[in-house]
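**Q** So here's structure.cif, just mmCIF, C-alpha atoms:
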data_target
#
loop_
_atom_site.label_atom_id
_atom_site.label_comp_id
_atom_site.auth_asym_id
_atom_site.auth_seq_id
_atom_site.Cartn_x
_atom_site.Cartn_y
_atom_site.Cartn_z
CA MET A 347 -24.77 37.66 -8.97
CA ASN A 348 -22.25 36.26 -11.47
CA TYR A 349 -19.52 36.49 -8.85
CA VAL A 350 -21.60 34.44 -6.43
CA ARG A 351 -22.36 31.81 -9.08
CA TYR A 352 -18.74 31.50 -10.20
CA GLY A 353 -17.55 31.38 -6.60
CA SER A 354 -19.94 28.52 -5.82
CA VAL A 355 -18.78 26.54 -8.84
CA PHE A 356 -15.16 27.08 -7.84
CA ALA A 357 -15.85 25.93 -4.28
CA ILE A 358 -17.55 22.77 -5.53
CA LEU A 359 -14.61 22.05 -7.83
CA ILE A 360 -12.13 22.39 -4.97
CA VAL A 361 -14.13 20.07 -2.71
CA SER A 362 -14.36 17.48 -5.51
CA LEU A 363 -10.62 17.56 -6.10
CA LEU A 364 -9.85 17.15 -2.42
CA PHE A 365 -12.23 14.18 -2.20
CA ALA A 366 -10.57 12.55 -5.21
CA ALA A 367 -7.15 12.99 -3.66
CA GLY A 368 -7.82 10.18 -1.19
CA CYS A 369 -6.44 9.83 2.30
CA THR A 370 -3.63 12.28 2.86
CA SER A 371 -1.53 13.06 5.88
CA THR A 372 1.55 14.94 6.88
CA GLY A 373 4.65 13.12 8.03
CA SER A 374 3.50 13.65 11.61
CA GLY A 375 0.38 11.59 10.99
CA GLN A 376 -2.07 14.50 11.22
CA SER A 377 -4.75 14.69 8.53
CA ALA A 378 -4.09 17.21 5.81
CA ALA A 379 -5.37 17.83 2.29
CA ALA A 380 -2.83 17.58 -0.51
CA THR A 381 -2.33 21.18 -1.58
CA SER A 382 -0.17 23.10 -3.97
CA SER A 383 2.35 23.53 -1.16
CA ALA A 384 3.57 20.07 -2.12
CA GLY A 385 4.98 21.76 -5.21
CA SER A 386 7.21 24.09 -3.20
CA PRO A 387 10.89 23.34 -2.50
CA GLU A 388 10.05 22.87 1.20
CA SER A 389 7.45 20.13 0.75
CA ILE A 390 6.89 16.95 -1.25
CA LEU A 391 3.81 14.79 -1.84
CA VAL A 392 4.24 11.02 -1.67
CA TYR A 393 1.70 8.57 -3.13
CA ALA A 394 1.96 5.46 -0.95
CA GLY A 395 0.23 2.12 -0.56
CA ALA A 396 -2.05 2.12 2.47
CA GLY A 397 -0.24 -0.81 4.04
CA LEU A 398 2.99 1.21 4.18
CA GLN A 399 1.54 3.89 6.45
CA PRO A 400 3.06 2.83 9.81
CA PRO A 401 6.75 3.01 8.79
CA LEU A 402 6.24 6.02 6.52
CA GLU A 403 4.56 8.01 9.28
CA GLU A 404 7.71 7.48 11.35
CA ILE A 405 10.05 8.24 8.46
CA GLY A 406 8.35 11.53 7.48
CA PRO A 407 9.19 13.59 10.59
CA LEU A 408 12.70 12.11 10.74
CA PHE A 409 13.35 13.11 7.12
CA THR A 410 11.98 16.60 7.78
CA GLU A 411 14.21 16.98 10.83
CA LYS A 412 17.27 16.04 8.78
CA THR A 413 16.50 18.03 5.62
CA GLY A 414 13.93 20.71 6.42
CA ILE A 415 11.69 19.24 3.70
CA ALA A 416 8.12 18.53 4.81
CA VAL A 417 6.41 15.35 3.64
CA GLN A 418 2.74 14.85 2.83
CA TYR A 419 1.32 11.39 2.08
CA ASN A 420 -1.58 10.31 -0.07
CA TYR A 421 -2.41 6.74 0.99
CA GLY A 422 -4.58 4.31 -0.93
CA GLY A 423 -4.75 1.20 -3.04
CA ALA A 424 -2.06 1.27 -5.70
CA GLY A 425 -4.56 1.09 -8.56
CA THR A 426 -6.37 4.14 -7.19
CA LEU A 427 -3.09 6.03 -6.74
CA VAL A 428 -2.04 5.38 -10.34
CA SER A 429 -5.40 6.76 -11.51
CA GLN A 430 -4.95 9.85 -9.34
CA MET A 431 -1.46 10.50 -10.67
CA ASN A 432 -2.70 10.19 -14.22
CA LEU A 433 -5.50 12.62 -13.47
CA THR A 434 -3.62 15.29 -11.52
CA ARG A 435 -0.02 15.03 -12.74
CA THR A 436 1.04 16.45 -9.38
CA GLY A 437 3.15 14.93 -6.63
CA ASP A 438 6.73 13.83 -6.26
CA VAL A 439 7.18 10.21 -5.16
CA PHE A 440 5.37 6.89 -5.70
CA MET A 441 5.70 3.95 -3.28
CA PRO A 442 3.21 1.14 -3.97
CA GLY A 443 3.01 -2.24 -2.27
CA SER A 444 4.79 -4.07 -5.08
CA THR A 445 6.88 -3.70 -8.21
CA VAL A 446 3.87 -4.83 -10.25
CA GLU A 447 2.08 -1.53 -9.61
CA PHE A 448 5.30 0.42 -10.10
CA ARG A 449 5.76 -1.18 -13.53
CA THR A 450 2.18 -0.21 -14.39
CA ALA A 451 2.93 3.39 -13.45
CA LYS A 452 6.17 3.30 -15.41
CA SER A 453 4.40 1.97 -18.52
CA GLN A 454 2.10 5.00 -18.30
CA GLY A 455 4.99 7.46 -18.06
CA LEU A 456 4.36 8.35 -14.42
CA VAL A 457 7.68 7.19 -12.94
CA ASN A 458 11.17 6.21 -14.06
CA ASP A 459 13.60 4.18 -11.96
CA SER A 460 13.03 2.78 -8.49
CA LYS A 461 14.90 1.59 -5.43
CA LEU A 462 13.82 -1.58 -3.62
CA VAL A 463 13.07 -1.28 0.09
CA ALA A 464 11.24 -4.22 1.68
CA TYR A 465 9.18 -7.35 1.15
CA HIS A 466 5.44 -7.72 1.49
CA VAL A 467 5.11 -11.39 2.46
CA PRO A 468 1.57 -12.81 2.13
CA VAL A 469 0.39 -14.98 5.02
CA ILE A 470 -2.87 -16.72 5.93
CA VAL A 471 -4.59 -15.17 8.95
CA VAL A 472 -7.47 -16.77 10.85
CA GLN A 473 -9.48 -15.96 13.94
CA LYS A 474 -7.74 -16.52 17.29
CA GLY A 475 -7.59 -20.21 18.10
CA ASN A 476 -8.30 -21.12 14.46
CA PRO A 477 -11.85 -22.39 15.14
CA LYS A 478 -12.35 -23.36 11.47
CA ASP A 479 -9.14 -25.43 11.39
CA ILE A 480 -7.74 -23.64 8.33
CA THR A 481 -4.16 -24.70 7.61
CA THR A 482 -3.50 -24.18 3.89
CA LEU A 483 -4.55 -22.03 0.95
CA ALA A 484 -6.54 -25.01 -0.35
CA ASP A 485 -8.81 -24.72 2.69
CA PHE A 486 -10.07 -21.37 1.38
CA ALA A 487 -12.14 -23.38 -1.10
CA ARG A 488 -13.92 -25.35 1.60
CA PRO A 489 -17.70 -24.69 1.44
CA GLY A 490 -19.24 -22.58 4.18
CA LEU A 491 -16.22 -20.45 5.12
CA LYS A 492 -16.29 -16.65 5.24
CA ILE A 493 -13.26 -15.33 3.37
CA ALA A 494 -12.08 -11.72 3.10
CA LEU A 495 -9.65 -10.67 0.35
CA GLY A 496 -8.14 -7.52 -1.09
CA ASP A 497 -9.59 -6.16 -4.32
CA ALA A 498 -7.49 -7.66 -7.10
CA ASN A 499 -7.93 -4.51 -9.19
CA ALA A 500 -6.88 -2.12 -6.44
CA THR A 501 -4.45 -3.82 -4.06
CA ALA A 502 -1.15 -5.65 -4.34
CA ILE A 503 -2.32 -8.27 -1.83
CA GLY A 504 -5.50 -8.82 -3.86
CA LYS A 505 -3.47 -9.50 -6.99
CA ALA A 506 -1.12 -11.82 -5.11
CA GLY A 507 -4.03 -13.82 -3.70
CA ALA A 508 -5.63 -14.15 -7.13
CA LYS A 509 -2.37 -15.56 -8.53
CA MET A 510 -2.02 -18.08 -5.72
CA PHE A 511 -5.59 -19.35 -6.05
CA ALA A 512 -5.27 -19.58 -9.83
CA ALA A 513 -2.08 -21.64 -9.50
CA LEU A 514 -3.97 -24.08 -7.25
CA ASN A 515 -6.96 -24.08 -9.63
CA ILE A 516 -9.37 -23.12 -6.83
CA SER A 517 -10.33 -19.56 -7.84
CA ALA A 518 -14.01 -20.30 -8.50
CA ALA A 519 -14.48 -22.27 -5.28
CA VAL A 520 -12.79 -19.57 -3.21
CA GLU A 521 -14.90 -16.84 -4.80
CA LYS A 522 -18.07 -18.56 -3.52
CA ASN A 523 -16.80 -18.02 0.03
CA VAL A 524 -15.74 -14.37 -0.36
CA VAL A 525 -17.81 -12.10 1.87
CA SER A 526 -15.73 -8.96 1.39
CA ARG A 527 -13.17 -7.47 -0.97
CA THR A 528 -11.49 -4.32 0.29
CA PRO A 529 -9.82 -1.45 -1.61
CA THR A 530 -6.90 -1.35 0.85
CA ILE A 531 -5.10 -3.92 2.97
CA ASN A 532 -5.74 -1.82 6.09
CA GLU A 533 -9.49 -2.40 5.76
CA LEU A 534 -8.86 -6.11 5.31
CA THR A 535 -6.93 -6.12 8.58
CA VAL A 536 -9.83 -4.44 10.38
CA ILE A 537 -12.24 -7.09 9.09
CA MET A 538 -10.13 -9.80 10.67
CA GLN A 539 -9.57 -7.84 13.89
CA THR A 540 -13.33 -7.45 14.32
CA GLY A 541 -14.19 -11.08 13.57
CA GLN A 542 -16.11 -10.47 10.35
CA ALA A 543 -14.39 -13.27 8.42
CA ASP A 544 -12.95 -16.70 9.15
CA ALA A 545 -9.77 -16.15 7.16
CA ALA A 546 -7.94 -13.72 4.90
CA ILE A 547 -4.64 -13.23 3.15
CA LEU A 548 -2.69 -10.37 4.71
CA THR A 549 0.99 -9.51 4.67
CA LEU A 550 3.36 -10.36 7.50
CA ASP A 551 3.60 -6.73 8.60
CA GLN A 552 -0.20 -6.51 9.01
CA TYR A 553 -0.48 -9.56 11.27
CA ASP A 554 -1.96 -8.69 14.68
CA ALA A 555 -1.05 -11.41 17.18
CA LYS A 556 -3.60 -10.13 19.71
CA THR A 557 -6.63 -10.74 17.51
CA MET A 558 -5.66 -13.41 14.99
CA ASP A 559 -3.47 -16.43 14.32
CA MET A 560 -1.08 -16.65 11.38
CA ILE A 561 -0.23 -19.54 9.07
CA PRO A 562 2.82 -19.14 6.79
CA ILE A 563 2.37 -19.87 3.09
CA PRO A 564 5.09 -22.12 1.63
CA LEU A 565 7.41 -20.19 -0.67
CA ASN A 566 6.64 -22.55 -3.55
CA GLN A 567 2.98 -21.45 -3.35
CA ASN A 568 3.50 -17.86 -2.23
CA VAL A 569 3.64 -14.66 -4.28
CA VAL A 570 6.06 -12.54 -2.28
CA LEU A 571 6.03 -8.87 -3.22
CA ILE A 572 8.88 -6.36 -3.25
CA THR A 573 8.11 -2.78 -2.28
CA PRO A 574 9.76 -0.13 -4.50
CA ILE A 575 10.00 3.64 -4.32
CA GLY A 576 10.79 6.21 -7.01
CA ALA A 577 10.28 9.83 -8.03
CA THR A 578 7.48 10.78 -10.42
CA THR A 579 8.25 12.06 -13.89
CA PHE A 580 6.25 15.23 -13.27
CA THR A 581 7.74 16.26 -9.92
CA GLN A 582 8.57 19.94 -9.64
CA ASN A 583 10.99 19.13 -6.81
CA ALA A 584 13.25 16.47 -8.29
CA THR A 585 16.10 17.08 -5.84
CA ALA A 586 13.85 16.84 -2.78
CA ALA A 587 11.99 13.84 -4.22
CA ASN A 588 15.20 11.94 -4.88
CA GLU A 589 16.48 12.82 -1.41
CA PHE A 590 13.39 11.23 0.09
CA VAL A 591 13.67 8.15 -2.15
CA SER A 592 17.30 7.67 -1.11
CA PHE A 593 16.51 8.12 2.58
CA VAL A 594 13.67 5.58 2.56
CA ALA A 595 15.90 3.08 0.72
CA SER A 596 18.89 3.73 3.01
CA ASP A 597 19.90 1.45 5.86
CA GLU A 598 18.30 3.92 8.27
CA GLY A 599 15.02 3.94 6.38
CA LYS A 600 14.96 0.17 5.97
CA ALA A 601 15.57 -0.27 9.70
CA ILE A 602 12.29 1.54 10.37
CA PHE A 603 10.48 -0.82 8.00
CA ALA A 604 12.05 -3.75 9.86
CA GLU A 605 10.73 -2.38 13.17
CA HIS A 606 7.24 -2.52 11.68
CA GLY A 607 7.47 -6.16 10.66
CA PHE A 608 8.76 -5.89 7.08
CA PRO A 609 11.65 -8.08 5.94
CA THR A 610 13.97 -5.61 4.22
CA TYR A 611 15.53 -5.92 0.78
CA PRO A 612 17.69 -7.85 0.04
CA ASN A 613 17.00 -10.94 2.15
CA ALA A 614 18.46 -14.40 1.59
CA THR A 615 15.12 -16.07 2.41
CA TYR A 616 13.55 -14.38 -0.60
CA ALA A 617 16.57 -14.46 -2.90
CA ASN A 618 14.55 -16.17 -5.63
CA VAL A 619 11.86 -13.47 -5.64
CA THR A 620 12.32 -11.30 -8.70
CA PRO A 621 11.29 -7.61 -8.73
#
Kindly return the structure encoded in the file as structure tokens.
**A**
Amino acid sequence: MNYVRYGSVFAILIVSLLFAAGCTSTGSGQSAAATSSAGSPESILVYAGAGLQPPLEEIGPLFTEKTGIAVQYNYGGAGTLVSQMNLTRTGDVFMPGSTVEFRTAKSQGLVNDSKLVAYHVPVIVVQKGNPKDITTLADFARPGLKIALGDANATAIGKAGAKMFAALNISAAVEKNVVSRTPTINELTVIMQTGQADAAILTLDQYDAKTMDMIPIPLNQNVVLITPIGATTFTQNATAANEFVSFVASDEGKAIFAEHGFPTYPNATYANVTP
């Protein structure tokens, strides 16, 4: 009877840990739980911002083909990923949406140095045809609009939006119009694709021309983000982790990000953006 009881407790513990691990996938894009195999020399686990999934899913198999090292991804909001790394102290690489989240992880002893890969450029997106005639960030404060934003505590785009509204002194007015705050930018994109909000702040790479219109944000009002990547301090596969970091930050890796709509680092347009 004791064996049955202990076995049940162990099973519940395993299920709980897998649930806490978030959305994970292999480099081929197939769903997979993050397991201890990520600690073997043949496999690494990468914590990545949800908005980086399209290029990373293409990079994973290519890296594996070149090196023989398998790649598993744990996607999520950067704030959630930092909490998971603190809790588990497992995994090999961290790639959040911006250097802000990387600095947070570094201050907590989770990562050391990073390489800079691409830019996340915030843009205004509205429903196709712009029926609400939204043209600037200031319009987000107009009464009666339905606004969707990223969670400022969980997403890089949420933090960027909060900074932009604060600079314009319209935070309170915008908040009255917010109908949804999402834990990842991917969910924010879906809200706009399905017509659940009049406007949102997404990043250039998330813009879907088939379902929405885009309005650039002037650089003097924008909070452009730089996407970094670096190995964790607790990786058991430092050589493999650093290989992956170098590949993603190489010209070949950056070219894949460019194919998915990311301006790559460095870029003269964003020369004044500091990491």
**Q** Of the candidates A:Met431, A:Ile537, A:Leu402, A:Val446, which one gets nearest to A:Thr573 if we count all atoms listed in the file?
**A**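 Closest candidate: A:Val446.
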**Q** Would you kindly translate the PyMOL selection byres ((chain A and resi 500) around 7) into the concrete residues it picks from this file, as a list of chain:residue names?
**A**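 Answer for the PyMOL selection byres ((chain A and resi 500) around 7): A:Gly423, A:Ala424, A:Gly425, A:Thr426, A:Asp497, A:Ala498, A:Asn499, A:Thr501, A:Pro529.
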**Q** Given the file above and the PyMOL selection byres ((chain A and resi 502) around 12), which residues are selected, and can you give them as a ChimeraX atom specification?
**A** /A:395-398,422-426,441-448,450,465-468,495-501,503-509,528-531,547-549,569-573
**Q** Once the PyMOL selection byres ((chain A and resi 487) around 6) has been evaluated on this model, what residues remain selected, and can you format them as a CSV table (one decimal) with C-alpha atoms, keeping the file's coordinate frame?
**A**
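What follows is the written file result-v4.csv:
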chain,number,residue,atom,x,y,z
A,484,ALA,CA,-6.5,-25.0,-0.4
A,485,ASP,CA,-8.8,-24.7,2.7
A,486,PHE,CA,-10.1,-21.4,1.4
A,488,ARG,CA,-13.9,-25.4,1.6
A,519,ALA,CA,-14.5,-22.3,-5.3
A,520,VAL,CA,-12.8,-19.6,-3.2
**Q** To one decimal place, how far is atom CA of A:Val536 from atom CA of A:Tyr616 in Å?
**A**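 Atom-to-atom, atom CA of A:Val536 to atom CA of A:Tyr616, that is 27.7 Å.
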**Q** Which is closer to A:Gly455 than all the others in A:Val392, A:Ala577, A:Leu408, A:Ile480, using only C-alpha atoms?
**A**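 Closest residue, counting only C-alpha atoms: A:Ala577.
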**Q** What does the structure give for the distance between atom CA of A:Ser460 and atom CA of A:Pro612, in Å to one decimal?
**A**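 About the pair atom CA of A:Ser460 and atom CA of A:Pro612: they are 14.4 Å apart.
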**Q** Determine, counting all atoms listed in the file, which protein, DNA and RNA residues have an atom within 9 Å of an atom of stretch 473-477 of chain A; residues of the same chain fewer than 5 positions away are not included. Present the result as a PyMOL selection string.
**A** chain A and resi 538-539+541+543-545+555-560
**Q** Go through A:Ile390, A:Leu514, A:Ala584, A:Ala601 and flag the residue nearest A:Gly437, using only C-alpha atoms for the distances.
**A**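 Residue with the minimum atom-to-atom distance to A:Gly437: A:Ile390.
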**Q** Which distance in Å separates atom CA of A:Val417 and atom CA of A:Thr535, to one decimal?
**A**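 If I compute the distance from atom CA of A:Val417 to atom CA of A:Thr535, I get 25.8 Å.
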**Q** Nearest to A:Asp597 among A:Val469, A:Leu427, A:Leu391, A:Val463, with distances taken over all atoms listed in the file: which residue is it?
**A** A:Val463
**Q** Using all atoms listed in the file, which of A:Val591, A:Leu483, A:Asp551, A:Asn566 sits nearest A:Ala604?
**A**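 Selected residue with least distance to A:Ala604: A:Asp551.
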**Q** Between A:Gln430, A:Ser389, A:Thr579, A:Asn515, which is the closest to A:Gly406 once you count all atoms listed in the file?
**A**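 Counting all atoms listed in the file, the residue closest to A:Gly406 is A:Ser389.
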**Q** Fewer than 5 positions away in the same chain doesn't count, so skip those; otherwise give me all residues within 12 Å of A:Asp438, counting all atoms listed in the file, as a PyMOL selection string.
**A** chain A and resi 380+382-387+389-394+417-420+431+456-458+575-591
